[in-house]
file query.cif (mmCIF, C-alpha atoms)
data_start
#
loop_
_atom_site.label_atom_id
_atom_site.label_comp_id
_atom_site.auth_asym_id
_atom_site.auth_seq_id
_atom_site.Cartn_x
_atom_site.Cartn_y
_atom_site.Cartn_z
CA MET T 218 0.00 0.00 0.00
CA SER T 219 1.60 3.23 -1.17
CA ARG T 220 1.54 5.90 1.47
CA TRP T 221 1.77 8.95 -0.78
CA GLN T 222 -0.60 8.23 -3.66
CA PRO T 223 -2.31 11.35 -4.97
CA GLY T 224 -6.00 11.94 -4.39
CA ALA T 225 -6.18 10.32 -0.97
CA THR T 226 -9.00 12.60 0.21
CA GLN T 227 -11.19 11.81 -2.78
CA ARG T 228 -10.45 8.08 -2.53
CA LEU T 229 -11.34 8.11 1.17
CA VAL T 230 -14.66 9.85 0.50
CA VAL T 231 -15.57 7.43 -2.30
CA ALA T 232 -14.57 4.42 -0.19
CA ALA T 233 -16.59 5.67 2.77
CA VAL T 234 -19.72 6.38 0.74
CA ASP T 235 -19.47 2.94 -0.87
CA LEU T 236 -19.06 1.22 2.50
CA PHE T 237 -21.81 3.29 4.14
CA THR T 238 -24.12 2.24 1.30
CA GLU T 239 -23.08 -1.43 1.37
CA GLN T 240 -23.07 -2.11 5.09
CA GLY T 241 -24.39 0.99 6.85
CA TYR T 242 -22.68 3.87 8.59
CA ASP T 243 -22.57 2.29 12.04
CA ALA T 244 -21.07 -0.97 10.78
CA THR T 245 -18.30 0.79 8.84
CA THR T 246 -14.95 1.32 10.54
CA VAL T 247 -12.16 3.77 9.81
CA THR T 248 -9.87 0.80 9.17
CA GLN T 249 -12.24 -0.52 6.49
CA ILE T 250 -12.45 2.89 4.84
CA ALA T 251 -8.67 3.27 4.80
CA GLU T 252 -8.17 -0.23 3.41
CA ARG T 253 -10.78 0.32 0.67
CA ALA T 254 -9.12 3.63 -0.26
CA GLY T 255 -5.67 2.03 -0.34
CA VAL T 256 -4.20 4.19 2.42
CA THR T 257 -3.08 3.65 5.98
CA LYS T 258 -5.25 4.40 8.99
CA SER T 259 -2.86 7.20 9.95
CA THR T 260 -3.36 8.74 6.50
CA PHE T 261 -7.11 8.69 7.14
CA PHE T 262 -6.57 10.66 10.36
CA ARG T 263 -4.35 13.19 8.58
CA HIS T 264 -7.33 14.03 6.38
CA PHE T 265 -10.30 13.54 8.73
CA SER T 266 -10.81 13.57 12.48
CA ASP T 267 -13.45 10.81 12.29
CA LYS T 268 -15.66 9.03 9.75
CA ARG T 269 -18.45 11.58 10.18
CA GLU T 270 -16.21 14.27 8.72
CA LEU T 271 -16.13 12.46 5.38
CA LEU T 272 -19.60 13.80 4.69
CA VAL T 273 -18.40 17.39 4.81
CA ALA T 274 -15.21 16.91 2.81
CA GLY T 275 -14.87 20.01 0.71
CA GLN T 276 -17.38 22.06 2.70
CA GLU T 277 -14.86 24.85 3.34
CA THR T 278 -14.02 25.01 -0.35
CA LEU T 279 -17.68 24.96 -1.34
CA SER T 280 -18.50 27.71 1.19
CA ARG T 281 -15.62 29.82 -0.13
CA LEU T 282 -16.67 29.34 -3.76
CA LEU T 283 -20.27 30.30 -2.98
CA ALA T 284 -19.13 33.39 -1.06
CA ASP T 285 -16.59 34.38 -3.74
CA GLY T 286 -19.24 34.20 -6.45
CA ILE T 287 -21.55 36.40 -4.38
CA THR T 288 -18.77 38.86 -3.61
CA GLU T 289 -17.77 39.15 -7.27
CA ALA T 290 -21.31 39.57 -8.59
CA PRO T 291 -21.96 42.99 -10.19
CA ALA T 292 -22.82 45.73 -7.69
CA SER T 293 -26.22 46.10 -9.37
CA ALA T 294 -27.11 42.43 -8.75
CA SER T 295 -30.09 41.70 -6.53
CA PRO T 296 -29.50 39.37 -3.57
CA LEU T 297 -30.80 36.36 -5.52
CA GLN T 298 -28.78 37.34 -8.59
CA ALA T 299 -25.70 37.41 -6.36
CA VAL T 300 -26.65 33.99 -4.96
CA ALA T 301 -26.99 32.75 -8.56
CA ALA T 302 -23.44 33.97 -9.21
CA GLY T 303 -22.30 32.02 -6.15
CA LEU T 304 -24.10 28.90 -7.35
CA GLU T 305 -22.47 29.20 -10.76
CA ARG T 306 -19.02 29.57 -9.19
CA ALA T 307 -19.48 26.57 -6.88
CA SER T 308 -21.06 24.45 -9.61
CA GLY T 309 -17.98 24.87 -11.76
CA ALA T 310 -15.95 22.95 -9.19
CA MET T 311 -18.26 19.93 -9.24
CA GLY T 312 -17.10 17.16 -11.54
CA PRO T 313 -18.07 13.63 -12.55
CA THR T 314 -17.05 12.12 -9.20
CA ASN T 315 -19.35 14.52 -7.34
CA ARG T 316 -22.16 13.60 -9.70
CA GLU T 317 -21.65 9.85 -9.33
CA LEU T 318 -21.51 10.07 -5.54
CA GLY T 319 -24.84 11.91 -5.30
CA PRO T 320 -27.30 9.00 -5.24
CA ARG T 321 -25.05 6.84 -3.04
CA LEU T 322 -24.44 9.67 -0.60
CA LYS T 323 -28.16 10.42 -0.46
CA ALA T 324 -28.86 6.77 0.41
CA ALA T 325 -26.13 6.69 3.07
CA VAL T 326 -27.42 9.90 4.70
CA ALA T 327 -31.03 8.67 4.62
CA ALA T 328 -30.01 5.51 6.47
CA SER T 329 -28.13 7.21 9.33
CA THR T 330 -29.42 9.68 11.91
CA GLU T 331 -25.86 10.74 12.67
CA LEU T 332 -25.17 11.53 9.01
CA GLN T 333 -28.49 13.37 8.74
CA GLU T 334 -27.43 15.58 11.64
CA ARG T 335 -24.02 16.21 10.05
CA ASP T 336 -25.66 17.01 6.72
CA ALA T 337 -27.93 19.54 8.44
CA LEU T 338 -24.88 21.22 9.99
CA LYS T 339 -23.26 21.35 6.55
CA SER T 340 -26.32 23.16 5.21
CA VAL T 341 -26.18 25.65 8.07
CA GLY T 342 -22.51 26.34 7.29
CA LEU T 343 -23.17 26.91 3.59
CA ALA T 344 -26.09 29.24 4.37
CA ALA T 345 -23.93 31.17 6.84
CA ALA T 346 -21.20 31.66 4.24
CA MET T 347 -23.68 33.00 1.69
CA THR T 348 -25.42 35.17 4.28
CA ALA T 349 -22.12 36.72 5.38
CA ALA T 350 -21.15 37.46 1.77
CA LEU T 351 -24.52 39.10 1.14
CA VAL T 352 -24.33 41.18 4.33
CA ALA T 353 -20.85 42.31 3.26
CA ARG T 354 -22.49 43.57 0.02
CA GLY T 355 -24.86 45.69 2.12
CA VAL T 356 -27.88 43.40 1.94
CA PRO T 357 -30.03 43.79 5.08
CA ASP T 358 -29.66 40.89 7.51
CA PRO T 359 -33.14 39.28 7.17
CA THR T 360 -32.96 39.45 3.37
CA ALA T 361 -29.42 38.05 3.38
CA HIS T 362 -30.48 35.15 5.60
CA LEU T 363 -33.46 34.31 3.41
CA ALA T 364 -31.39 34.52 0.22
CA GLY T 365 -28.66 32.35 1.78
CA GLU T 366 -31.18 29.70 2.81
CA LEU T 367 -32.75 29.75 -0.65
CA GLY T 368 -29.26 29.36 -2.11
CA VAL T 369 -28.63 26.21 -0.05
CA LEU T 370 -32.00 24.78 -1.00
CA ALA T 371 -31.37 25.55 -4.68
CA PHE T 372 -27.92 23.97 -4.52
CA LYS T 373 -29.27 20.80 -2.90
CA ARG T 374 -32.22 20.51 -5.28
CA GLY T 375 -30.04 21.22 -8.30
CA TYR T 376 -27.41 18.73 -7.15
CA ALA T 377 -30.03 16.03 -6.63
CA GLN T 378 -31.51 16.61 -10.07
CA TRP T 379 -28.06 16.70 -11.71
CA SER T 380 -26.80 13.56 -10.00
CA GLU T 381 -29.95 11.63 -10.89
CA SER T 382 -30.31 12.92 -14.46
CA ASP T 383 -29.26 11.32 -17.74
CA ARG T 384 -25.51 10.71 -17.79
CA ASP T 385 -25.32 12.16 -21.32
CA ASP T 386 -26.18 15.56 -19.82
CA GLU T 387 -22.93 17.46 -20.33
CA GLU T 388 -24.19 20.82 -19.05
CA GLY T 389 -22.95 20.30 -15.52
CA LEU T 390 -24.51 21.30 -12.24
CA ALA T 391 -24.98 25.04 -12.85
CA PRO T 392 -28.12 24.90 -15.03
CA HIS T 393 -29.80 22.58 -12.54
CA ALA T 394 -28.93 24.77 -9.53
CA LEU T 395 -29.99 27.96 -11.34
CA ALA T 396 -33.28 26.40 -12.45
CA ALA T 397 -33.93 25.32 -8.87
CA LEU T 398 -33.22 28.87 -7.66
CA GLU T 399 -35.66 30.26 -10.23
CA ASP T 400 -38.31 27.75 -9.11
CA LEU T 401 -37.78 28.87 -5.52
CA ARG T 402 -37.99 32.54 -6.53
CA THR T 403 -41.34 31.82 -8.19
CA ALA T 404 -42.54 29.82 -5.18
CA THR T 405 -41.69 32.62 -2.73
CA ALA T 406 -43.61 35.13 -4.87
CA SER T 407 -46.71 32.94 -4.54
CA LEU T 408 -46.55 33.03 -0.74
CA GLY T 409 -48.34 36.37 -0.72
#
call {"tool": "encode", "arguments": {"input": "query.cif", "output": "structure tokens"}}
result
Amino acid sequence: MSRWQPGATQRLVVAAVDLFTEQGYDATTVTQIAERAGVTKSTFFRHFSDKRELLVAGQETLSRLLADGITEAPASASPLQAVAAGLERASGAMGPTNRELGPRLKAAVAASTELQERDALKSVGLAAAMTAALVARGVPDPTAHLAGELGVLAFKRGYAQWSESDRDDEEGLAPHALAALEDLRTATASLG
């Protein structure tokens, strides 16, 4: 087993999701994940503090990309237009591996209360990053919070649709996330 193979983080995430799906979260050990990924147990702990953290691999990067897109949106952009810019920026970083993991990750999260709790915390973190970026643009706090929450919901809905759609779809995640955001914009207008 080579200790310094590239892509250890990605291999660990894929191995964990596969094992969580095959045998359940509780029955999966760190040793099994490391072995499946072709790394040592100590390499696992250099990348993650525990197996729960595998679910949020890349969350900091995703939060930063969402916030950067919002920050760099034109000054004239509305809060939801700025969120759309953040979604486009973050979507550009999502590749085929992210797409393939979607359905398996969804199944693993659905089967584990602990992973559901961790997933909820991930959503809170993403919303907070978008909210902070919007507030920094001068968006009033309640509006920024609502737009950030809608951004998370659009990202999740778009990601689910993208990961479950026809594999010949070469457009990527962005059109799905932006369509989900537009659907949410329409839905909020109907609230009255």
call {"tool": "resolve_selection", "arguments": {"input": "query.cif", "expression": "the PyMOL selection byres ((chain T and resi 334-342) around 12)", "output": "number ranges by chain"}}
result
T: 268-281, 283-284, 322-323, 325-333, 343-349, 362, 365-373
call {"tool": "resolve_selection", "arguments": {"input": "query.cif", "expression": "the PyMOL selection byres ((chain T and resi 233-243) around 7)", "output": "list in words"}}
result
Leu229, Val230, Val231, Ala232, Ala244, Thr245, Ile250, Arg321, Leu322, Ala324, Ala325 and Ser329 of chain T
call {"tool": "residues_near_point", "arguments": {"input": "query.cif", "point": "(-30.3, 34.7, -11.6)", "cutoff": "12 Å", "atoms": "all atoms listed in the file", "output": "PyMOL selection string"}}
result
chain T and resi 287+290-291+294-305+364+368+371+391-392+394-403
call {"tool": "write_last_selection", "arguments": {"input": "query.cif", "atoms": "C-alpha atoms", "output": "PDB file, keeping the file's coordinate frame"}}
result
ATOM      1  CA  ILE T 287     -21.550  36.400  -4.380  1.00  0.00           C
ATOM      2  CA  ALA T 290     -21.310  39.570  -8.590  1.00  0.00           C
ATOM      3  CA  PRO T 291     -21.960  42.990 -10.190  1.00  0.00           C
ATOM      4  CA  ALA T 294     -27.110  42.430  -8.750  1.00  0.00           C
ATOM      5  CA  SER T 295     -30.090  41.700  -6.530  1.00  0.00           C
ATOM      6  CA  PRO T 296     -29.500  39.370  -3.570  1.00  0.00           C
ATOM      7  CA  LEU T 297     -30.800  36.360  -5.520  1.00  0.00           C
ATOM      8  CA  GLN T 298     -28.780  37.340  -8.590  1.00  0.00           C
ATOM      9  CA  ALA T 299     -25.700  37.410  -6.360  1.00  0.00           C
ATOM     10  CA  VAL T 300     -26.650  33.990  -4.960  1.00  0.00           C
ATOM     11  CA  ALA T 301     -26.990  32.750  -8.560  1.00  0.00           C
ATOM     12  CA  ALA T 302     -23.440  33.970  -9.210  1.00  0.00           C
ATOM     13  CA  GLY T 303     -22.300  32.020  -6.150  1.00  0.00           C
ATOM     14  CA  LEU T 304     -24.100  28.900  -7.350  1.00  0.00           C
ATOM     15  CA  GLU T 305     -22.470  29.200 -10.760  1.00  0.00           C
ATOM     16  CA  ALA T 364     -31.390  34.520   0.220  1.00  0.00           C
ATOM     17  CA  GLY T 368     -29.260  29.360  -2.110  1.00  0.00           C
ATOM     18  CA  ALA T 371     -31.370  25.550  -4.680  1.00  0.00           C
ATOM     19  CA  ALA T 391     -24.980  25.040 -12.850  1.00  0.00           C
ATOM     20  CA  PRO T 392     -28.120  24.900 -15.030  1.00  0.00           C
ATOM     21  CA  ALA T 394     -28.930  24.770  -9.530  1.00  0.00           C
ATOM     22  CA  LEU T 395     -29.990  27.960 -11.340  1.00  0.00           C
ATOM     23  CA  ALA T 396     -33.280  26.400 -12.450  1.00  0.00           C
ATOM     24  CA  ALA T 397     -33.930  25.320  -8.870  1.00  0.00           C
ATOM     25  CA  LEU T 398     -33.220  28.870  -7.660  1.00  0.00           C
ATOM     26  CA  GLU T 399     -35.660  30.260 -10.230  1.00  0.00           C
ATOM     27  CA  ASP T 400     -38.310  27.750  -9.110  1.00  0.00           C
ATOM     28  CA  LEU T 401     -37.780  28.870  -5.520  1.00  0.00           C
ATOM     29  CA  ARG T 402     -37.990  32.540  -6.530  1.00  0.00           C
ATOM     30  CA  THR T 403     -41.340  31.820  -8.190  1.00  0.00           C
TER      31      THR T 403
END
call {"tool": "closest_residue", "arguments": {"input": "query.cif", "among": "T:Pro359, T:Arg306, T:Gly224, T:Thr260", "to": "T:Thr248", "atoms": "all atoms listed in the file"}}
result
T:Thr260
call {"tool": "closest_residue", "arguments": {"input": "query.cif", "among": "T:Gly409, T:Ala225, T:Arg374, T:Gly309", "to": "T:Glu252", "atoms": "all atoms listed in the file"}}
result
T:Ala225
call {"tool": "atom_distance", "arguments": {"input": "query.cif", "atom1": "atom CA of T:Glu388", "atom2": "atom CA of T:Arg316"}}
result
12.0 Å
call {"tool": "resolve_selection", "arguments": {"input": "query.cif", "expression": "the PyMOL selection byres ((chain T and resi 313) around 12)", "output": "ChimeraX atom specification"}}
result
/T:308-312,314-319,376,379-380,384-390
call {"tool": "atom_distance", "arguments": {"input": "query.cif", "atom1": "atom CA of T:Glu381", "atom2": "atom CA of T:Pro320"}}
result
6.8 Å
call {"tool": "atom_distance", "arguments": {"input": "query.cif", "atom1": "atom CA of T:Ser382", "atom2": "atom CA of T:Leu282"}}
result
23.9 Å
call {"tool": "closest_residue", "arguments": {"input": "query.cif", "among": "T:Thr360, T:Ser407, T:Ser293, T:Gln227", "to": "T:Val256", "atoms": "all atoms listed in the file"}}
result
T:Gln227
call {"tool": "build_atoms", "arguments": {"input": "query.cif", "residues": "stretch 233-250 of chain T", "atoms": "N, CA and C atoms", "output": "compact mmCIF listing (two decimals), keeping the file's coordinate frame"}}
result
# COMPACT_ATOMS: atom_id res chain seq x y z
N ALA T 233 -15.64 5.56 1.66
CA ALA T 233 -16.59 5.67 2.77
C ALA T 233 -18.03 5.61 2.29
N VAL T 234 -18.34 6.37 1.25
CA VAL T 234 -19.72 6.38 0.74
C VAL T 234 -20.10 4.98 0.27
N ASP T 235 -19.19 4.31 -0.43
CA ASP T 235 -19.47 2.94 -0.87
C ASP T 235 -19.73 2.02 0.32
N LEU T 236 -18.89 2.09 1.33
CA LEU T 236 -19.06 1.22 2.50
C LEU T 236 -20.32 1.58 3.29
N PHE T 237 -20.59 2.88 3.44
CA PHE T 237 -21.81 3.29 4.14
C PHE T 237 -23.04 2.73 3.43
N THR T 238 -23.01 2.74 2.10
CA THR T 238 -24.12 2.24 1.30
C THR T 238 -24.24 0.72 1.40
N GLU T 239 -23.09 0.04 1.35
CA GLU T 239 -23.08 -1.43 1.37
C GLU T 239 -23.46 -2.02 2.72
N GLN T 240 -22.90 -1.46 3.79
CA GLN T 240 -23.07 -2.11 5.09
C GLN T 240 -23.60 -1.20 6.19
N GLY T 241 -23.86 0.06 5.86
CA GLY T 241 -24.39 0.99 6.85
C GLY T 241 -23.28 1.78 7.51
N TYR T 242 -23.64 2.97 7.95
CA TYR T 242 -22.68 3.87 8.59
C TYR T 242 -22.12 3.28 9.87
N ASP T 243 -23.00 2.80 10.74
CA ASP T 243 -22.57 2.29 12.04
C ASP T 243 -21.64 1.09 11.93
N ALA T 244 -21.87 0.25 10.93
CA ALA T 244 -21.07 -0.97 10.78
C ALA T 244 -19.72 -0.72 10.09
N THR T 245 -19.53 0.47 9.57
CA THR T 245 -18.30 0.79 8.84
C THR T 245 -17.26 1.36 9.79
N THR T 246 -16.04 0.84 9.69
CA THR T 246 -14.95 1.32 10.54
C THR T 246 -13.97 2.17 9.74
N VAL T 247 -13.21 2.98 10.44
CA VAL T 247 -12.16 3.77 9.81
C VAL T 247 -11.15 2.86 9.13
N THR T 248 -10.82 1.75 9.76
CA THR T 248 -9.87 0.80 9.17
C THR T 248 -10.38 0.29 7.83
N GLN T 249 -11.67 -0.05 7.75
CA GLN T 249 -12.24 -0.52 6.49
C GLN T 249 -12.19 0.56 5.41
N ILE T 250 -12.48 1.78 5.80
CA ILE T 250 -12.45 2.89 4.84
C ILE T 250 -11.03 3.08 4.31
